[in-house]
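Peer 1: This is structure_6.txt (compact mmCIF, C-alpha atoms and all ligand atoms).
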# COMPACT_ATOMS: atom_id res chain seq x y z
CA MET A 1 4.46 -38.24 15.13
CA LYS A 2 7.11 -38.77 17.75
CA ILE A 3 10.56 -38.05 16.29
CA VAL A 4 13.91 -38.26 18.07
CA ILE A 5 16.99 -36.50 16.65
CA THR A 6 20.44 -37.20 18.10
CA GLY A 7 23.04 -34.47 17.54
CA CYS A 8 20.20 -31.93 17.28
CA ALA A 9 22.41 -28.96 18.25
CA GLY A 10 24.99 -29.56 15.51
CA MET A 11 25.11 -27.99 12.08
CA ILE A 12 22.80 -30.44 10.31
CA GLY A 13 20.79 -31.01 13.51
CA SER A 14 19.97 -27.31 13.89
CA TYR A 15 18.55 -27.08 10.36
CA LEU A 16 16.73 -30.40 10.69
CA THR A 17 15.18 -29.79 14.12
CA SER A 18 13.86 -26.43 13.00
CA GLU A 19 12.31 -27.93 9.86
CA LEU A 20 10.73 -30.88 11.68
CA LEU A 21 9.24 -28.58 14.33
CA ARG A 22 7.69 -26.63 11.45
CA ILE A 23 6.29 -29.67 9.59
CA TYR A 24 5.08 -31.50 12.70
CA PRO A 25 3.71 -28.81 15.02
CA ASN A 26 3.42 -29.53 18.68
CA ASN A 27 -0.18 -28.29 18.85
CA GLU A 28 -1.23 -31.08 16.44
CA GLY A 29 -0.07 -33.76 18.87
CA ASN A 30 3.45 -34.21 17.50
CA LYS A 31 6.52 -34.47 19.69
CA ILE A 32 10.08 -33.67 18.61
CA ILE A 33 12.85 -34.72 20.99
CA GLY A 34 16.48 -33.67 20.51
CA ILE A 35 19.45 -35.30 22.26
CA ASP A 36 22.92 -33.71 22.33
CA ASN A 37 25.78 -33.37 24.83
CA LEU A 38 26.77 -29.99 23.34
CA SER A 39 30.37 -31.17 22.89
CA ARG A 40 30.44 -29.54 19.45
CA GLY A 41 26.93 -28.26 18.83
CA LYS A 42 25.60 -25.12 20.47
CA LEU A 43 22.20 -24.42 22.02
CA SER A 44 22.48 -20.83 20.77
CA HIS A 45 22.67 -22.10 17.17
CA LEU A 46 19.72 -24.44 17.70
CA LYS A 47 17.67 -21.62 19.24
CA GLU A 48 18.59 -19.26 16.40
CA SER A 49 17.58 -21.83 13.80
CA CYS A 50 14.29 -22.81 15.49
CA GLY A 51 13.22 -19.29 16.48
CA ASP A 52 9.87 -19.23 18.30
CA ARG A 53 9.40 -22.98 17.78
CA TYR A 54 12.37 -23.80 20.03
CA GLY A 55 9.95 -23.91 22.98
CA ASP A 56 8.19 -26.90 21.36
CA LEU A 57 11.37 -28.99 21.40
CA VAL A 58 12.07 -31.45 24.20
CA PHE A 59 15.85 -31.05 24.61
CA ILE A 60 17.82 -33.76 26.45
CA ASN A 61 21.43 -33.02 27.37
CA SER A 62 23.01 -36.49 27.42
CA ASP A 63 26.24 -38.18 26.43
CA LEU A 64 25.50 -41.07 24.07
CA THR A 65 28.85 -42.75 24.72
CA ILE A 66 27.27 -43.85 28.01
CA PHE A 67 24.19 -46.01 27.75
CA SER A 68 21.51 -44.72 30.10
CA MET A 69 17.74 -44.93 30.31
CA ASP A 70 17.83 -41.16 30.97
CA TRP A 71 18.09 -40.73 27.20
CA ALA A 72 17.16 -44.20 25.89
CA LYS A 73 13.66 -43.99 27.43
CA HIS A 74 12.82 -41.21 24.98
CA LEU A 75 12.93 -43.69 22.10
CA HIS A 76 9.94 -45.53 23.56
CA GLU A 77 7.06 -45.53 21.02
CA CYS A 78 9.05 -43.36 18.70
CA ASP A 79 8.03 -43.25 15.03
CA ILE A 80 11.32 -42.03 13.63
CA LEU A 81 14.83 -41.88 15.04
CA ILE A 82 17.32 -39.73 13.10
CA HIS A 83 20.84 -40.35 14.37
CA LEU A 84 23.26 -37.49 13.63
CA ALA A 85 25.41 -37.42 16.78
CA ASP A 86 29.07 -38.32 16.45
CA VAL A 87 32.54 -36.81 16.55
CA VAL A 88 33.22 -35.12 13.22
CA ALA A 89 35.78 -32.37 12.52
CA GLY A 90 38.24 -30.97 9.99
CA ILE A 91 41.09 -33.05 8.54
CA GLY A 92 43.70 -31.62 10.96
CA TYR A 93 41.79 -32.70 14.08
CA VAL A 94 40.72 -35.99 12.50
CA SER A 95 44.25 -37.01 11.51
CA ARG A 96 45.60 -36.21 15.02
CA ASN A 97 42.79 -38.02 16.90
CA GLU A 98 41.88 -41.11 14.89
CA SER A 99 41.76 -43.64 17.74
CA TYR A 100 39.67 -41.31 19.94
CA ILE A 101 37.21 -40.62 17.11
CA PHE A 102 37.01 -44.29 16.11
CA ARG A 103 36.31 -45.47 19.68
CA THR A 104 33.87 -42.67 20.51
CA ASN A 105 31.79 -43.07 17.36
CA LEU A 106 31.63 -46.83 17.81
CA LEU A 107 30.41 -46.34 21.38
CA ILE A 108 27.78 -43.79 20.31
CA ASN A 109 26.49 -45.96 17.46
CA SER A 110 26.41 -49.16 19.48
CA ASN A 111 24.57 -47.49 22.36
CA VAL A 112 22.02 -46.06 19.93
CA THR A 113 21.65 -49.52 18.35
CA LYS A 114 21.10 -51.09 21.79
CA ALA A 115 18.39 -48.49 22.49
CA ILE A 116 16.79 -49.32 19.12
CA PHE A 117 16.74 -53.04 20.02
CA GLU A 118 14.91 -52.21 23.21
CA SER A 119 12.38 -49.69 21.93
CA LYS A 120 12.05 -50.61 18.24
CA PRO A 121 11.29 -47.26 16.59
CA THR A 122 9.32 -47.73 13.38
CA ARG A 123 12.01 -46.08 11.29
CA TYR A 124 15.71 -45.38 11.77
CA ILE A 125 17.73 -42.91 9.67
CA TYR A 126 21.52 -43.19 9.97
CA VAL A 127 23.90 -40.75 8.28
CA GLY A 128 27.21 -42.08 7.05
CA THR A 129 29.93 -40.25 5.20
CA ALA A 130 31.71 -40.28 1.84
CA CYS A 131 34.93 -40.49 3.95
CA SER A 132 34.07 -44.18 4.34
CA PHE A 133 34.73 -44.85 0.65
CA PRO A 134 38.08 -46.48 -0.21
CA ARG A 135 41.03 -44.12 -0.57
CA ASP A 136 42.09 -45.70 -3.88
CA LYS A 137 38.82 -44.52 -5.46
CA GLN A 138 39.68 -40.91 -4.52
CA LEU A 139 43.17 -40.40 -5.87
CA SER A 140 42.39 -37.60 -8.33
CA THR A 141 39.91 -34.79 -8.85
CA GLU A 142 39.19 -36.57 -12.14
CA SER A 143 38.22 -39.79 -10.26
CA LYS A 144 34.96 -41.30 -11.51
CA PRO A 145 31.99 -40.13 -9.39
CA LEU A 146 31.59 -42.71 -6.63
CA VAL A 147 28.80 -45.27 -6.83
CA GLU A 148 27.47 -47.08 -3.76
CA GLU A 149 29.02 -50.41 -4.90
CA ASP A 150 32.49 -48.79 -4.61
CA GLN A 151 32.35 -48.94 -0.81
CA PHE A 152 33.69 -52.51 -0.59
CA PRO A 153 36.35 -53.81 -0.34
CA ALA A 154 36.67 -51.11 2.30
CA TYR A 155 39.75 -48.98 2.83
CA PRO A 156 38.78 -45.55 4.23
CA GLU A 157 41.47 -42.88 4.65
CA THR A 158 40.91 -42.24 8.39
CA GLY A 159 39.57 -43.67 11.65
CA TYR A 160 36.59 -41.34 11.24
CA GLY A 161 35.69 -42.98 7.91
CA TRP A 162 36.11 -46.46 9.43
CA SER A 163 33.94 -45.59 12.45
CA LYS A 164 31.13 -44.26 10.27
CA LEU A 165 31.37 -47.33 8.04
CA MET A 166 30.95 -49.57 11.10
CA GLY A 167 27.83 -47.55 11.92
CA GLU A 168 26.49 -48.32 8.43
CA VAL A 169 27.24 -52.02 8.87
CA GLU A 170 25.49 -52.03 12.24
CA SER A 171 22.47 -50.23 10.75
CA ALA A 172 22.28 -52.84 7.98
CA PHE A 173 21.92 -55.58 10.63
CA LEU A 174 18.90 -53.76 12.08
CA SER A 175 17.35 -53.83 8.65
CA LYS A 176 18.29 -57.47 7.93
CA GLU A 177 16.95 -58.66 11.30
CA LYS A 178 13.75 -56.65 10.73
CA ILE A 179 14.21 -54.70 13.97
CA THR A 180 13.26 -51.44 12.25
CA ASP A 181 13.04 -49.96 8.77
CA THR A 182 16.45 -48.44 8.21
CA VAL A 183 17.60 -45.72 5.82
CA VAL A 184 21.35 -45.16 5.42
CA LEU A 185 22.42 -41.90 3.79
CA SER A 186 26.09 -41.36 2.97
CA LEU A 187 26.69 -37.61 3.00
CA HIS A 188 29.45 -35.88 1.07
CA ASN A 189 31.07 -32.72 2.50
CA VAL A 190 28.30 -30.75 4.15
CA TYR A 191 28.47 -27.02 4.88
CA GLY A 192 26.08 -24.35 6.10
CA ARG A 193 25.23 -22.06 9.01
CA TYR A 194 25.26 -23.30 12.64
CA CYS A 195 28.64 -24.96 12.02
CA ASP A 196 31.67 -25.24 14.25
CA TYR A 197 34.04 -22.43 13.19
CA SER A 198 36.73 -22.85 15.83
CA LYS A 199 40.35 -22.89 14.61
CA GLU A 200 41.06 -26.35 16.09
CA THR A 201 38.13 -28.41 14.85
CA SER A 202 36.30 -26.62 12.01
CA GLN A 203 35.93 -28.25 8.61
CA VAL A 204 37.40 -26.83 5.43
CA ILE A 205 34.60 -24.45 4.36
CA PRO A 206 34.03 -22.65 7.69
CA SER A 207 37.79 -22.64 8.22
CA LEU A 208 38.49 -20.98 4.83
CA CYS A 209 35.62 -18.52 5.28
CA THR A 210 36.76 -17.38 8.76
CA LYS A 211 40.37 -17.09 7.58
CA GLY A 212 39.12 -15.16 4.52
CA ILE A 213 37.07 -12.76 6.67
CA ALA A 214 40.12 -12.11 8.90
CA SER A 215 42.49 -11.63 5.98
CA ALA A 216 40.09 -9.22 4.20
CA SER A 217 40.55 -6.77 7.07
CA GLY A 218 44.13 -7.84 7.77
CA ASN A 219 47.15 -9.07 5.81
CA LYS A 220 45.25 -10.06 2.61
CA ILE A 221 46.75 -13.57 2.67
CA LEU A 222 44.59 -16.70 2.73
CA GLU A 223 46.43 -19.83 3.83
CA ILE A 224 45.43 -23.06 2.05
CA TRP A 225 46.41 -26.53 3.28
CA GLY A 226 48.35 -28.46 0.62
CA ASP A 227 48.54 -27.28 -3.00
CA GLY A 228 44.77 -26.67 -3.02
CA ASN A 229 44.24 -29.09 -5.91
CA GLN A 230 42.53 -31.61 -3.62
CA GLY A 231 38.76 -31.59 -4.08
CA ARG A 232 35.47 -32.65 -2.56
CA ALA A 233 31.77 -32.78 -3.46
CA PHE A 234 30.36 -29.98 -1.32
CA ILE A 235 26.70 -30.12 -0.39
CA HIS A 236 24.69 -27.48 1.44
CA ALA A 237 22.96 -28.52 4.68
CA GLN A 238 19.59 -27.48 3.20
CA ASP A 239 20.04 -30.11 0.45
CA VAL A 240 20.84 -32.68 3.16
CA ILE A 241 17.66 -31.72 5.02
CA SER A 242 15.67 -32.24 1.84
CA ALA A 243 17.21 -35.77 1.53
CA ILE A 244 16.40 -36.58 5.17
CA LYS A 245 12.83 -35.33 4.72
CA LYS A 246 12.39 -37.60 1.70
CA SER A 247 13.81 -40.47 3.80
CA LEU A 248 10.96 -40.08 6.29
CA ASN A 249 8.88 -42.27 3.97
CA LYS A 250 11.24 -43.57 1.27
CA GLY A 251 14.58 -45.35 0.90
CA GLU A 252 14.28 -47.96 3.66
CA ASN A 253 16.18 -51.27 3.67
CA CYS A 254 17.91 -50.72 0.33
CA GLY A 255 21.51 -50.18 1.41
CA VAL A 256 23.50 -46.98 1.45
CA ILE A 257 22.35 -43.97 -0.61
CA GLN A 258 24.86 -41.23 -1.44
CA ILE A 259 23.88 -37.61 -0.93
CA GLY A 260 26.19 -35.23 -2.76
CA PRO A 261 26.73 -33.49 -6.11
CA ASN A 262 28.42 -35.12 -9.10
CA ARG A 263 30.96 -32.29 -9.25
CA CYS A 264 34.33 -32.26 -7.49
CA THR A 265 35.34 -28.72 -6.44
CA THR A 266 38.98 -28.10 -5.55
CA ILE A 267 39.98 -26.12 -2.47
CA ASN A 268 41.56 -23.53 -4.79
CA GLU A 269 38.23 -23.12 -6.62
CA LEU A 270 36.47 -22.78 -3.29
CA ALA A 271 38.98 -20.18 -2.12
CA LYS A 272 38.48 -18.21 -5.34
CA ILE A 273 34.71 -17.95 -4.75
CA ILE A 274 35.37 -16.80 -1.16
CA VAL A 275 38.03 -14.26 -2.19
CA ASP A 276 35.89 -12.91 -5.07
CA TYR A 277 33.09 -12.29 -2.59
CA LEU A 278 35.19 -10.88 0.26
CA ASP A 279 38.10 -9.03 -1.33
CA LYS A 280 39.73 -9.70 -4.70
CA ASN A 281 43.09 -8.42 -3.38
CA ILE A 282 43.52 -11.45 -1.11
CA ILE A 283 46.23 -13.81 -2.35
CA LEU A 284 46.37 -17.55 -1.71
CA LYS A 285 49.38 -18.99 0.13
CA HIS A 286 49.81 -22.77 0.12
CA ASP A 287 51.21 -24.67 3.12
CA LEU A 288 52.45 -28.00 1.76
CA THR A 289 53.23 -29.37 5.25
CA LYS A 290 49.55 -29.63 6.23
CA PRO A 291 47.34 -32.76 5.76
CA VAL A 292 44.94 -32.79 2.80
CA GLY A 293 43.11 -36.14 3.12
CA ASP A 294 41.62 -37.80 0.05
CA ILE A 295 42.56 -36.11 -3.23
CA GLY A 296 39.25 -35.94 -5.03
CA ARG A 297 35.74 -37.31 -4.98
CA SER A 298 32.22 -36.65 -6.18
CA ALA A 299 28.92 -38.54 -6.08
CA ASN A 300 27.06 -40.37 -8.75
CA TYR A 301 23.71 -39.64 -7.05
CA GLN A 302 21.52 -41.66 -9.42
CA LYS A 303 20.42 -43.96 -6.58
CA ALA A 304 19.23 -40.97 -4.52
CA LYS A 305 17.45 -39.61 -7.58
CA LYS A 306 15.71 -42.88 -8.33
CA ILE A 307 14.76 -43.92 -4.79
CA LEU A 308 14.32 -40.58 -3.00
CA ASP A 309 13.60 -38.35 -5.99
CA TRP A 310 16.45 -36.20 -4.63
CA GLU A 311 18.81 -33.81 -6.40
CA PRO A 312 21.09 -31.07 -5.05
CA LYS A 313 19.67 -27.57 -5.51
CA VAL A 314 21.77 -25.03 -3.57
CA THR A 315 24.69 -23.55 -5.55
CA LEU A 316 28.11 -23.16 -3.93
CA GLU A 317 28.05 -19.43 -4.70
CA TYR A 318 24.75 -18.95 -2.85
CA GLY A 319 25.65 -21.27 0.04
CA LEU A 320 29.09 -19.72 0.62
CA LYS A 321 27.72 -16.18 0.55
CA ASP A 322 25.01 -17.12 3.04
CA LEU A 323 27.56 -18.77 5.33
CA ILE A 324 29.99 -15.83 5.17
CA GLN A 325 27.19 -13.41 6.07
CA TRP A 326 26.23 -15.65 9.01
CA LEU A 327 29.86 -15.96 10.19
CA VAL A 328 30.36 -12.19 10.04
CA LYS A 329 27.20 -11.71 12.14
CA ASN A 330 28.37 -14.31 14.66
N1 LIG A 401 29.59 -32.14 8.17
C1 LIG A 401 29.91 -32.98 7.20
O1 LIG A 401 30.63 -32.64 6.26
C2 LIG A 401 29.40 -34.40 7.23
C3 LIG A 401 29.66 -35.22 6.13
C4 LIG A 401 29.22 -36.53 6.15
C5 LIG A 401 28.50 -37.01 7.22
N2 LIG A 401 28.26 -36.18 8.27
C6 LIG A 401 27.54 -36.74 9.42
O2 LIG A 401 26.40 -35.95 9.73
C7 LIG A 401 26.17 -35.99 11.13
C8 LIG A 401 26.03 -34.58 11.66
O3 LIG A 401 27.17 -33.85 11.28
P1 LIG A 401 27.32 -32.29 11.56
O4 LIG A 401 28.16 -31.75 10.47
O5 LIG A 401 26.01 -31.68 11.85
O6 LIG A 401 28.24 -32.34 12.85
P2 LIG A 401 28.14 -31.53 14.20
O7 LIG A 401 29.40 -31.80 14.96
O8 LIG A 401 27.79 -30.12 13.93
O9 LIG A 401 26.92 -32.26 14.92
C9 LIG A 401 27.09 -33.44 15.67
C10 LIG A 401 26.40 -33.24 17.01
O10 LIG A 401 26.60 -34.41 17.80
C11 LIG A 401 26.83 -34.00 19.15
N3 LIG A 401 27.55 -35.06 19.83
C12 LIG A 401 28.84 -35.44 19.65
N4 LIG A 401 29.16 -36.40 20.51
C13 LIG A 401 28.04 -36.66 21.27
C14 LIG A 401 27.76 -37.54 22.33
N5 LIG A 401 28.69 -38.36 22.84
N6 LIG A 401 26.52 -37.54 22.86
C15 LIG A 401 25.56 -36.70 22.38
N7 LIG A 401 25.78 -35.84 21.38
C16 LIG A 401 27.03 -35.80 20.82
C17 LIG A 401 27.65 -32.73 19.02
O11 LIG A 401 27.59 -31.91 20.17
C18 LIG A 401 27.01 -32.07 17.81
O12 LIG A 401 26.00 -31.18 18.18
C19 LIG A 401 27.35 -36.76 11.73
O13 LIG A 401 26.95 -38.08 11.99
C20 LIG A 401 28.40 -36.73 10.65
O14 LIG A 401 29.26 -37.86 10.66
C21 LIG A 401 28.67 -34.88 8.30
Can you dump the structure from the file as structure tokens?

Peer 2:
Amino acid sequence: MKIVITGCAGMIGSYLTSELLRIYPNNEGNKIIGIDNLSRGKLSHLKESCGDRYGDLVFINSDLTIFSMDWAKHLHECDILIHLADVVAGIGYVSRNESYIFRTNLLINSNVTKAIFESKPTRYIYVGTACSFPRDKQLSTESKPLVEEDQFPAYPETGYGWSKLMGEVESAFLSKEKITDTVVLSLHNVYGRYCDYSKETSQVIPSLCTKGIASASGNKILEIWGDGNQGRAFIHAQDVISAIKKSLNKGENCGVIQIGPNRCTTINELAKIIVDYLDKNIILKHDLTKPVGDIGRSANYQKAKKILDWEPKVTLEYGLKDLIQWLVKN
């Protein structure tokens, strides 16, 4: 097997690369190639995740916003291309940088599509996002779990959601024109180790965990953006890896498949799990001036169950504890 992973040094990429190096060992003739420009991902995270197998990875440091044979040549005779690279961040960064994110992600996706046209990998796995679903389907934490048909007519909340939706549309053309077998997974809010935990760009879970760790040994106050009643369907990166692994031989050319739990967890509920684990004396303080994004969503994952035989397994309690322990160590 020759497998190429873009965004291999990111959160999901680090878990995935490690797992694929394990399943497809180098000494059995397999080749795993990872491409990343390290703009958000870190080689140290990738190395930590892969351990001794890191040496079997062919790592290419390239910027996918610029089309170049330096990276595109690696898709030649590739069995599977898994495209994870893009600009993704927390709601604060996303709402301040919509045009940059929109343009950059379009460039990345179109360049990857051009490379696919030229080298025709046998299979292409694209990951979209639940942020591409229309905002009017996410107005309450009691909103009906999203189904794939809800995506259109489209009206995503942010430029990030629009850019990822355009990537889905472009992937569908590859399938329709029989360029390659294409799987499109729409991921809900993913969390896990190897994530970006910087103040500026981190997503809600690493942000709350790092603030919680600091407040446990400091002022015992945990700041929450908004009233905390906004919610998301949180999914651990290990569950996403299990969906991607199932997509290696299932789910092609059948439209978008949602990957996420059918439960909407509010930010206040999330904060309570974090506080209970770290220090029960921490109190929550709400900042109503900060952006909150969509109000509530969850996934009806019946399509994933039927086509991929996939279900979420990792509990929030376990996943958060594991992440906090990793953040403390790092
Ligand atoms: N994290 C989530 O909650 C979530 C939810 C839905 C979908 N997704 C999708 O999953 C994929 C991976 O997300 P993640 O959470 O691992 O994010 P991440 O930021 O940790 O990983 C993305 C990787 O892409 C790399 N990258 C960015 N721009 C690049 C460029 N121009 N050239 C080469 N590499 C570049 C980054 O350095 C990073 O390592 C993304 O496509 C994202 O849209 C993530």

Peer 1: Between A:Asp279, A:Glu177, A:Asp294, A:Asp36, single out the one closest to ligand LIG 401 (chain A), counting all atoms listed in the file.

Peer 2: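 Closest candidate: A:Asp36.
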
Peer 1: Around ligand LIG 401 (chain A), at most 8 Å away and counting all atoms listed in the file, which residues are there? Put them as a tab-separated table (two decimals) with C-alpha atoms, in the coordinates of the input, please.

Peer 2:
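Produced file selection.tsv, reproduced below:
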chain	number	residue	atom	x	y	z
A	6	THR	CA	20.44	-37.20	18.10
A	7	GLY	CA	23.04	-34.47	17.54
A	8	CYS	CA	20.20	-31.93	17.28
A	9	ALA	CA	22.41	-28.96	18.25
A	10	GLY	CA	24.99	-29.56	15.51
A	11	MET	CA	25.11	-27.99	12.08
A	12	ILE	CA	22.80	-30.44	10.31
A	13	GLY	CA	20.79	-31.01	13.51
A	14	SER	CA	19.97	-27.31	13.89
A	35	ILE	CA	19.45	-35.30	22.26
A	36	ASP	CA	22.92	-33.71	22.33
A	37	ASN	CA	25.78	-33.37	24.83
A	38	LEU	CA	26.77	-29.99	23.34
A	39	SER	CA	30.37	-31.17	22.89
A	40	ARG	CA	30.44	-29.54	19.45
A	41	GLY	CA	26.93	-28.26	18.83
A	42	LYS	CA	25.60	-25.12	20.47
A	61	ASN	CA	21.43	-33.02	27.37
A	62	SER	CA	23.01	-36.49	27.42
A	63	ASP	CA	26.24	-38.18	26.43
A	64	LEU	CA	25.50	-41.07	24.07
A	65	THR	CA	28.85	-42.75	24.72
A	66	ILE	CA	27.27	-43.85	28.01
A	83	HIS	CA	20.84	-40.35	14.37
A	84	LEU	CA	23.26	-37.49	13.63
A	85	ALA	CA	25.41	-37.42	16.78
A	86	ASP	CA	29.07	-38.32	16.45
A	87	VAL	CA	32.54	-36.81	16.55
A	88	VAL	CA	33.22	-35.12	13.22
A	89	ALA	CA	35.78	-32.37	12.52
A	104	THR	CA	33.87	-42.67	20.51
A	105	ASN	CA	31.79	-43.07	17.36
A	108	ILE	CA	27.78	-43.79	20.31
A	126	TYR	CA	21.52	-43.19	9.97
A	127	VAL	CA	23.90	-40.75	8.28
A	128	GLY	CA	27.21	-42.08	7.05
A	129	THR	CA	29.93	-40.25	5.20
A	130	ALA	CA	31.71	-40.28	1.84
A	131	CYS	CA	34.93	-40.49	3.95
A	164	LYS	CA	31.13	-44.26	10.27
A	186	SER	CA	26.09	-41.36	2.97
A	187	LEU	CA	26.69	-37.61	3.00
A	188	HIS	CA	29.45	-35.88	1.07
A	189	ASN	CA	31.07	-32.72	2.50
A	190	VAL	CA	28.30	-30.75	4.15
A	191	TYR	CA	28.47	-27.02	4.88
A	194	TYR	CA	25.26	-23.30	12.64
A	195	CYS	CA	28.64	-24.96	12.02
A	196	ASP	CA	31.67	-25.24	14.25
A	203	GLN	CA	35.93	-28.25	8.61

Peer 1: In Å, rounded to a single decimal, give me how far atom CA of Asn27 of chain A is from atom CA of Gln238 of chain A.

Peer 2: 25.2 Å

Peer 1: Could you list, as a list of chain:residue names, every residue within 10 Å of Val58 of chain A, counting all atoms listed in the file and ignoring same-chain residues fewer than 4 positions away?

Peer 2: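 The residues that qualify are A:Val4, A:Lys31, A:Ile32, A:Ile33, A:Gly34, A:Ile35, A:Tyr54, A:His74.
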
Peer 1: Take the selection from the previous step and output its residues with C-alpha atoms, as a PDB file, keeping the file's coordinate frame.

Peer 2:
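Final file, again.pdb:
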ATOM      1  CA  VAL A   4      13.910 -38.260  18.070  1.00  0.00           C
ATOM      2  CA  LYS A  31       6.520 -34.470  19.690  1.00  0.00           C
ATOM      3  CA  ILE A  32      10.080 -33.670  18.610  1.00  0.00           C
ATOM      4  CA  ILE A  33      12.850 -34.720  20.990  1.00  0.00           C
ATOM      5  CA  GLY A  34      16.480 -33.670  20.510  1.00  0.00           C
ATOM      6  CA  ILE A  35      19.450 -35.300  22.260  1.00  0.00           C
ATOM      7  CA  TYR A  54      12.370 -23.800  20.030  1.00  0.00           C
ATOM      8  CA  HIS A  74      12.820 -41.210  24.980  1.00  0.00           C
TER       9      HIS A  74
END

Peer 1: Select, from A:Thr265, A:Gln258, A:Ser207, A:Thr17, the residue with the minimum atom-to-atom distance to Glu148 of chain A, counting all atoms listed in the file.

Peer 2: A:Gln258

Peer 1: Between A:Val256, A:Gln302, A:Lys321, A:His236, which is the closest to Ile273 of chain A once you count only C-alpha atoms?

Peer 2: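 With only C-alpha atoms as the atom set, the closest residue is A:Lys321.
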
Peer 1: What is the distance, in Å and to one decimal place, between atom CA of Tyr124 of chain A and atom CA of Glu98 of chain A?

Peer 2: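 One can read the atom CA of Tyr124 of chain A to atom CA of Glu98 of chain A distance as 26.7 Å.
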
Peer 1: I'd like the contact shell of Tyr277 of chain A - 10 Å cut-off, all atoms listed in the file, skipping same-chain residues fewer than 6 positions apart - returned as a VMD selection string.

Peer 2: chain A and resid 212 271 317 320 to 321 324

Peer 1: What gap, in Å, lies between atom CA of Gly218 of chain A and atom CA of Leu278 of chain A?

Peer 2: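 So the answer is 12.1 Å.
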
Peer 1: May I have the protein, DNA and RNA residues with an atom at most 7 Å from (12.1, -53.5, 11.3), counting all atoms listed in the file in the file's coordinates, returned as number ranges by chain?

Peer 2: A: 122, 174-175, 178-181

Peer 1: Compare A:Arg297, A:Val292, A:His286, A:Cys209 by their minimum atom-to-atom distance to Phe234 of chain A, counting only C-alpha atoms, and give me the closest one.

Peer 2: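 Of A:Arg297, A:Val292, A:His286, A:Cys209, the one nearest Phe234 of chain A is A:Arg297, counting only C-alpha atoms.
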
Peer 1: Kindly indicate which residue among A:Ser119, A:Gln325, A:Ser99, A:Asn281 lies nearest to Asp79 of chain A, using all atoms listed in the file for the distances.

Peer 2: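 Looking at the shortest contact to Asp79 of chain A, the residue is A:Ser119.
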
Peer 1: With all atoms listed in the file as the atoms that count, which of A:Gly251, A:Asn300, A:Asn109, A:Leu222 lies nearest to Phe67 of chain A?

Peer 2: A:Asn109
